[in-house]
Amino acid sequence: MKKEDLQALLNDMSLEEKIGQLIQIPGFLIEGGSVITGPALEMGFDEETYYNAGATLSIFTFERIREIQDQFMARQPHHIPLLFMGDIINGYRSIYPIPLGQGCSFDPALSRELAAMSARESAAEGLHVTFSPMVDLVRDARWGRVMESTGEDTYLNSCFAKAAVEGYQGKDIADAGSVAACVKHFAGYGAPEAGRDYNVVELSDRTLKDDYLPPYKAAVDAGVEMVMTSFNTLNRIPASGNTEYMRTLLRDTWGFHGMLISDWAAINELELQGVADDMAASANMAIHAGVDMDMCTPVYALSLRKLVKEGKVPEALIDESCMRVLELKNRLGLFEDPYHHAHQTKAEQVVLCDEHRALCLKAAEESVVLLKNKRDILPLKKEGQNIAFIGPYADAHRLYGVWSMLGREEDTVSVKEGIEEIGQSNTCTFAKGCRMLDPKFPLTGFHGMEQEEETDDEELLLDAMMKAKRADVVVMLLGEHPAQSGEGGSRGDIRIPKPQRKLLKEISKVNSNIVTVLFHGRPLDIRGVDRRSKAVMAAWFPGIEGGRAIARLLFGESEPSGKLAMSFPYSVGQVPVYYDHFATGRPFNGDITNRFQSRYQDIPNDPMYPFGHGLTYTTFDYVSVELSSDTMTKETPITVSVRIKNIGNRKGTEVVQMYIRDLKGSVVRPVKKLKGFERVTLEQGEEKTVTFRIDHSMLAFTRADMTFDAEPGTFYVYVGGSSAVDKHGEFTLQA
């Protein structure tokens with residue numbers, strides 16, 4: 001539809017129709033396209049409001065979407081199509097690793113492919129918008145939603161944000177196989193106090209601008225079509241009513257012209273947060289802040305018409321938001337094709353196709369991080385070993401997180417199935433060993449997360465111990481239940497569940513050759529696991545090909561290459577813990593007799609495993625690091641080159657990482673910041689030179705006067721295999 005035709009449509013719509021376009025109705029209110037009378041009326045959706053709605057969510061499958069679209073368009077006065085949206089976070093049916101696992105791949109190009117795959121499947125079934133990517137910076141492992149982020153680093157998150165948007169949206173969102181992306185949660189949602197979901201956020205303007213905002217900006221610059229507000233406060237004003245950030249920063253400064261949607265019921269919560277007197281005041285605050293669509297509450301439906309009639313909300317504001325909704329529908333091509341190229345035959349061809357499963361396998365392999373490998377116990381030998389695979393995840397099929405809405409156990413390869421598929425000649429035995437969770441742990445809030453069946457715990461343990469005694473190597477397959485992370489999944493104790501801790505302890509009494517593979521949605525406190533294991537793998541929730549990926553990695557058919565995108569704390573008492581912290585006036589120098597230094601008395605300062613850490617099955621030597629010049633200016637960038645050599649006995653992949661430190665500034669500067677990385681695969685004995693460009697923009701920050709720029713001075717540059725690298729070169733930025 002041409003711009004003038006779109007404007008003519010808007011001009012011909014009634015106020016009620018325009019307000020209707022600003023409302024998203026929850027999918028559970030729709031049954032074959034008709035109102036479920038009780039719940040709908042209780043929520044305040046009368047029939048006129050209902051059929052004027054601009055969008056719905058969480059309705060899947062082509063047949064159902066087409067039926068609902070037809071019925072709604074027939075009842076809508078101007079036959080305007082609905083937007084169908086959904087939480088397609090890490091795959092539609094072809095489920096790949098959770099975003100935090102993807103971050104550990106340090107491979108944004110792969111995530112771009114994964115997002116494009118997700119778009120192909122979901123678009124073929126009829127979806128128009130995915131509520132992804134989530135680019136919130138995360139540094140507190142207690143928060144359950146860290147699983148949806150790509151980690152603790154601003155630069156890494158920005159790279160993945162851009163890649164995901166490009167993957168979902170393709171060259172044109174009107175094309176078949178593309179969907180509109182929605183970046184979330186704007187802004188600062190990843191820093192809730194005490195790691196407790198929906199809690200307040202207290203960040204300085206400088207911290208917000210330098211660390212938390214850049215990934216959202218990267219998504220906007222990549223052309224993201226939609227932004228979602230966060231639940232938290234910004235400068236003590238809830239995001240959904242925060243004009244400074246939603247309108248002034250996002251739209252006026254950054255130039256975002258797309259659609260802004262609230263998170264679920266976030267506008268309604270303004271009253272509970274104490275900044276609005278009632279529902280009408282909440283609607284008034286949100287529409288003035290520029291929030292175009294109210295997700296799944298009747299706040300706009302019940303309030304905006306009256307506010308306009310009373311002169312509190314100019315109808316021009318309604319027009320502005322309605323036009324943005326119509327423009328998104330137009331860019332998707334829905335006025336010409338309300339089904340957006342969706343077709344049952346196409347869905348059958350692409351959903352869970354071989355090509356997609358292969359991509360899921362590649363992603364699962366790249367996301368696994370080998371944290372520890374004492375005495376090279378890994379890879380396992382393919383013959384001549386008796387190996388016991390023990391733990392609740394030994395033959396589990398739910399290897400995907402809670403946000404994998406359409407994940408199915410029957411689609412998923414378990415570790416046992418992956419091992420059997422390899423066909424190695426070892427004697428392999430399998431035992432569950434214990435239940436997944438303490439029976440007292442309640443599993444609530446997500447469909448399909450039912451309680452475990454009752455088990456004979458002693459019988460499970462005895463079977464596992466018998467098999468462990470006979471084994472040369474024991475592989476423990478342990479971790480969180482998927483429902484322990486995700487939205488509402490905040491935890492104060494981030495160890496593996498109690499029954500699994502007991503199992504590991506008992507197995508270690510009869511066999512010391514233990515390899516532990518962890519399945520989880522967050523960094524964990526693994527002191528006990530680490531102490532009792534010669535090797536530890538962090539597998540995250542790897543998706544439908546997870547079992548096959550783990551089997552291949554354990555037996556060396558593929559190489560571990562992941563690096564931590566989020567630090568593993570020594571204990572929960574350290575969190576939030578992250579590598580790019582600030583210098584202190586009394587840094588700990590290792591002298592435990594000196595009380596008056598910045599340290600804990602009972603635990604280390606450093607995390608157990610830092611950002612960027614990850615082992616391979618070979619060894620890499622960083623032969624030399626050279627700067628092209630020891631001085632640079634705003635107009636003359638420099639390069640840093642490193643020669644890296646594979647000095648081990650097999651092929652491997654290393655993620656070469658470049659960090660920069662600004663030694664002096666008008667404000668305190670981080671001890672190190674990631675500014676570049678490259679995945680390098682080398683054969684045994686092969687070497688390669690990797691070069692990074694350093695320009696003026698990499699050195700800029702929010703200065704004491706709140707301007708954003710670099711300051712002349714001395715800088716260190718580090719190149720190595722993790723954030724713990726300490727060898728560095730030095731250069732000077734001249735005025």
# chains A, B, ... in the order shown; residues from 1 in each chain; ligands from 1
>>> select_by_dssp(residues="stretch 117-321 of chain A", states="helix (DSSP H, G or I)", output="PyMOL selection string")
chain A and resi 117-125+144-148+154-169+193-195+205-212+214-221+239-241+243-253+269-272+279-289+299-309+315-321
>>> write_last_selection(atoms="C-alpha atoms", output="compact mmCIF listing (two decimals), in the first residue's frame")
# COMPACT_ATOMS: atom_id res chain seq x y z
CA MET A 117 16.35 -20.46 10.03
CA SER A 118 13.96 -19.60 12.86
CA ALA A 119 12.32 -16.98 10.64
CA ARG A 120 11.85 -19.45 7.78
CA GLU A 121 10.04 -21.93 10.00
CA SER A 122 7.89 -19.46 11.94
CA ALA A 123 6.98 -17.40 8.85
CA ALA A 124 5.97 -20.53 6.95
CA GLU A 125 3.52 -21.26 9.77
CA GLY A 144 16.80 -16.46 35.56
CA ARG A 145 16.60 -14.54 32.32
CA VAL A 146 20.36 -14.45 31.79
CA MET A 147 19.66 -17.46 29.56
CA GLU A 148 18.03 -15.13 26.98
CA THR A 154 28.69 -4.82 25.84
CA TYR A 155 30.62 -5.30 22.62
CA LEU A 156 29.84 -9.01 22.27
CA ASN A 157 26.13 -8.39 22.91
CA SER A 158 26.10 -5.62 20.33
CA CYS A 159 27.58 -7.94 17.70
CA PHE A 160 24.98 -10.60 18.41
CA ALA A 161 22.13 -8.05 18.49
CA LYS A 162 22.99 -6.85 15.00
CA ALA A 163 23.37 -10.39 13.68
CA ALA A 164 20.03 -11.59 15.08
CA VAL A 165 18.09 -8.65 13.62
CA GLU A 166 19.67 -9.19 10.21
CA GLY A 167 18.91 -12.90 10.37
CA TYR A 168 15.25 -12.56 11.33
CA GLN A 169 14.42 -9.69 8.99
CA GLU A 193 18.55 -5.52 42.23
CA ALA A 194 19.48 -8.78 44.00
CA GLY A 195 18.97 -10.67 40.73
CA ASP A 205 23.42 7.48 33.59
CA ARG A 206 27.04 6.82 32.66
CA THR A 207 26.81 3.07 33.32
CA LEU A 208 23.56 2.87 31.40
CA LYS A 209 24.96 4.78 28.42
CA ASP A 210 28.35 3.08 28.22
CA ASP A 211 27.49 -0.49 29.14
CA TYR A 212 23.78 -1.24 28.86
CA PRO A 214 24.90 0.01 23.12
CA PRO A 215 23.37 -3.42 22.27
CA TYR A 216 19.91 -1.84 21.89
CA LYS A 217 21.44 0.86 19.73
CA ALA A 218 23.14 -1.81 17.60
CA ALA A 219 19.75 -3.42 17.00
CA VAL A 220 18.18 -0.08 16.09
CA ASP A 221 21.03 0.69 13.71
CA ALA A 239 10.26 2.26 31.39
CA SER A 240 6.73 2.05 29.96
CA GLY A 241 6.04 5.58 31.15
CA THR A 243 9.34 9.76 28.06
CA GLU A 244 13.04 10.59 28.38
CA TYR A 245 14.13 7.14 27.21
CA MET A 246 11.20 5.95 25.11
CA ARG A 247 10.62 9.11 23.12
CA THR A 248 13.58 11.49 23.54
CA LEU A 249 16.42 8.93 23.39
CA LEU A 250 14.96 6.09 21.36
CA ARG A 251 13.08 8.12 18.77
CA ASP A 252 14.53 11.64 18.71
CA THR A 253 18.21 10.84 19.34
CA GLU A 269 1.77 -2.08 36.38
CA LEU A 270 2.53 1.66 36.40
CA GLU A 271 -0.20 2.02 39.02
CA LEU A 272 1.30 -0.72 41.19
CA MET A 279 -5.68 2.78 34.96
CA ALA A 280 -6.43 5.98 33.04
CA ALA A 281 -3.35 7.69 34.44
CA SER A 282 -1.26 4.68 33.42
CA ALA A 283 -2.60 4.86 29.85
CA ASN A 284 -1.99 8.62 29.74
CA MET A 285 1.59 8.22 30.90
CA ALA A 286 2.39 5.41 28.45
CA ILE A 287 0.88 6.97 25.33
CA HIS A 288 2.69 10.25 26.01
CA ALA A 289 5.91 8.28 26.44
CA VAL A 299 -5.68 -0.39 29.77
CA TYR A 300 -5.63 1.39 26.40
CA ALA A 301 -9.00 -0.11 25.43
CA LEU A 302 -10.77 1.18 28.52
CA SER A 303 -8.97 4.51 28.91
CA LEU A 304 -7.76 6.17 25.72
CA ARG A 305 -11.15 7.15 24.26
CA LYS A 306 -12.13 8.95 27.45
CA LEU A 307 -8.71 10.61 27.72
CA VAL A 308 -9.06 11.94 24.18
CA LYS A 309 -12.59 13.23 24.82
CA GLU A 315 -5.96 12.49 19.05
CA ALA A 316 -2.79 13.21 17.10
CA LEU A 317 -0.92 10.97 19.57
CA ILE A 318 -3.35 8.14 18.84
CA ASP A 319 -2.90 8.76 15.12
CA GLU A 320 0.87 8.69 15.49
CA SER A 321 0.88 5.32 17.25
>>> select_by_dssp(residues="stretch 416-483 of chain A", states="strand (DSSP E)", output="list in words")
Thr427, Cys428, Thr429, Phe430, Ala431, Val473, Val474, Val475, Met476, Leu477, Leu478 and Gly479 of chain A
>>> residues_around(residues="A:Val200", least_positions_apart="3", cutoff="12 Å", atoms="only C-alpha atoms", output="list in words")
Ala187, Gly188, Tyr189, Gly190, Ala191, Pro192, Glu193, Ala194, Gly195, Arg196, Asp197, Leu203, Ser230, Phe231, Asn232, Thr233, Leu234, Asn235, Arg236, Ile237, Pro238, Ala239 and Gln273 of chain A
>>> write_last_selection(atoms="C-alpha atoms", output="short mmCIF file (atom, residue, chain, number, x, y, z; two decimals), in the first residue's frame")
data_model
loop_
_atom_site.label_atom_id
_atom_site.label_comp_id
_atom_site.auth_asym_id
_atom_site.auth_seq_id
_atom_site.Cartn_x
_atom_site.Cartn_y
_atom_site.Cartn_z
CA ALA A 187 16.22 -0.64 28.82
CA GLY A 188 18.45 -2.02 31.56
CA TYR A 189 16.23 -5.00 32.39
CA GLY A 190 19.31 -7.18 32.90
CA ALA A 191 20.34 -5.43 36.13
CA PRO A 192 17.52 -6.07 38.63
CA GLU A 193 18.55 -5.52 42.23
CA ALA A 194 19.48 -8.78 44.00
CA GLY A 195 18.97 -10.67 40.73
CA ARG A 196 15.24 -10.83 41.44
CA ASP A 197 13.01 -10.68 38.38
CA LEU A 203 22.10 2.40 37.27
CA SER A 230 11.13 -3.30 30.08
CA PHE A 231 9.41 -3.81 33.43
CA ASN A 232 12.04 -1.95 35.42
CA THR A 233 12.62 1.66 36.37
CA LEU A 234 15.09 4.03 34.74
CA ASN A 235 16.08 6.90 37.00
CA ARG A 236 13.18 5.66 39.16
CA ILE A 237 10.60 6.09 36.38
CA PRO A 238 9.15 2.84 34.97
CA ALA A 239 10.26 2.26 31.39
CA GLN A 273 4.73 0.89 40.85
#
>>> residues_around(residues="stretch 466-468 of chain A", least_positions_apart="2", cutoff="12 Å", atoms="only C-alpha atoms", output="ChimeraX atom specification")
/A:386-391,427-433,459-464,470-476,503-504,506-515
>>> write_last_selection(atoms="C-alpha atoms", output="compact mmCIF listing (two decimals), in the first residue's frame")
# COMPACT_ATOMS: atom_id res chain seq x y z
CA ASN A 386 34.30 -49.18 30.12
CA ILE A 387 32.33 -45.94 30.41
CA ALA A 388 29.37 -45.27 32.69
CA PHE A 389 27.04 -42.39 31.79
CA ILE A 390 25.24 -41.39 34.96
CA GLY A 391 22.77 -38.67 35.89
CA THR A 427 31.24 -50.91 26.86
CA CYS A 428 28.84 -48.12 27.76
CA THR A 429 26.30 -48.31 30.55
CA PHE A 430 23.66 -45.76 31.52
CA ALA A 431 22.02 -44.95 34.83
CA LYS A 432 19.76 -42.11 35.98
CA GLY A 433 21.24 -42.17 39.49
CA GLU A 459 17.53 -48.14 43.97
CA LEU A 460 18.61 -45.47 41.49
CA LEU A 461 21.73 -44.69 43.54
CA LEU A 462 22.73 -48.34 44.01
CA ASP A 463 22.39 -49.01 40.27
CA ALA A 464 24.55 -45.99 39.45
CA ARG A 470 33.04 -51.17 37.04
CA ALA A 471 33.85 -48.21 34.81
CA ASP A 472 37.20 -46.84 33.72
CA VAL A 473 35.58 -43.42 33.29
CA VAL A 474 32.32 -42.01 34.62
CA VAL A 475 30.54 -39.27 32.69
CA MET A 476 28.12 -37.43 34.98
CA LEU A 503 24.81 -38.43 43.60
CA LEU A 504 28.09 -36.88 42.47
CA GLU A 506 28.64 -40.81 46.27
CA ILE A 507 29.93 -41.69 42.79
CA SER A 508 33.23 -39.92 43.54
CA LYS A 509 33.77 -42.31 46.45
CA VAL A 510 33.93 -45.30 44.11
CA ASN A 511 35.52 -43.75 41.00
CA SER A 512 37.75 -40.69 40.72
CA ASN A 513 37.86 -40.57 36.90
CA ILE A 514 34.86 -38.30 36.53
CA VAL A 515 33.87 -36.12 33.60
>>> closest_residue(among="A:Asp136, A:Glu730, A:Glu336, A:Glu310", to="A:Thr714", atoms="only C-alpha atoms")
A:Glu730
>>> closest_residue(among="A:Gly546, A:Gly333, A:Pro77, A:Pro26", to="A:Ser178", atoms="only C-alpha atoms")
A:Gly333
>>> residues_around(residues="A:Gln684", least_positions_apart="2", cutoff="6 Å", atoms="only C-alpha atoms", output="ChimeraX atom specification")
/A:646,649-651,686
>>> residues_around(residues="A:Lys727", least_positions_apart="6", cutoff="9 Å", atoms="only C-alpha atoms", output="ChimeraX atom specification")
/A:717-720
>>> atom_distance(atom1="atom CA of A:Arg66", atom2="atom CA of A:Leu22")
21.4 Å
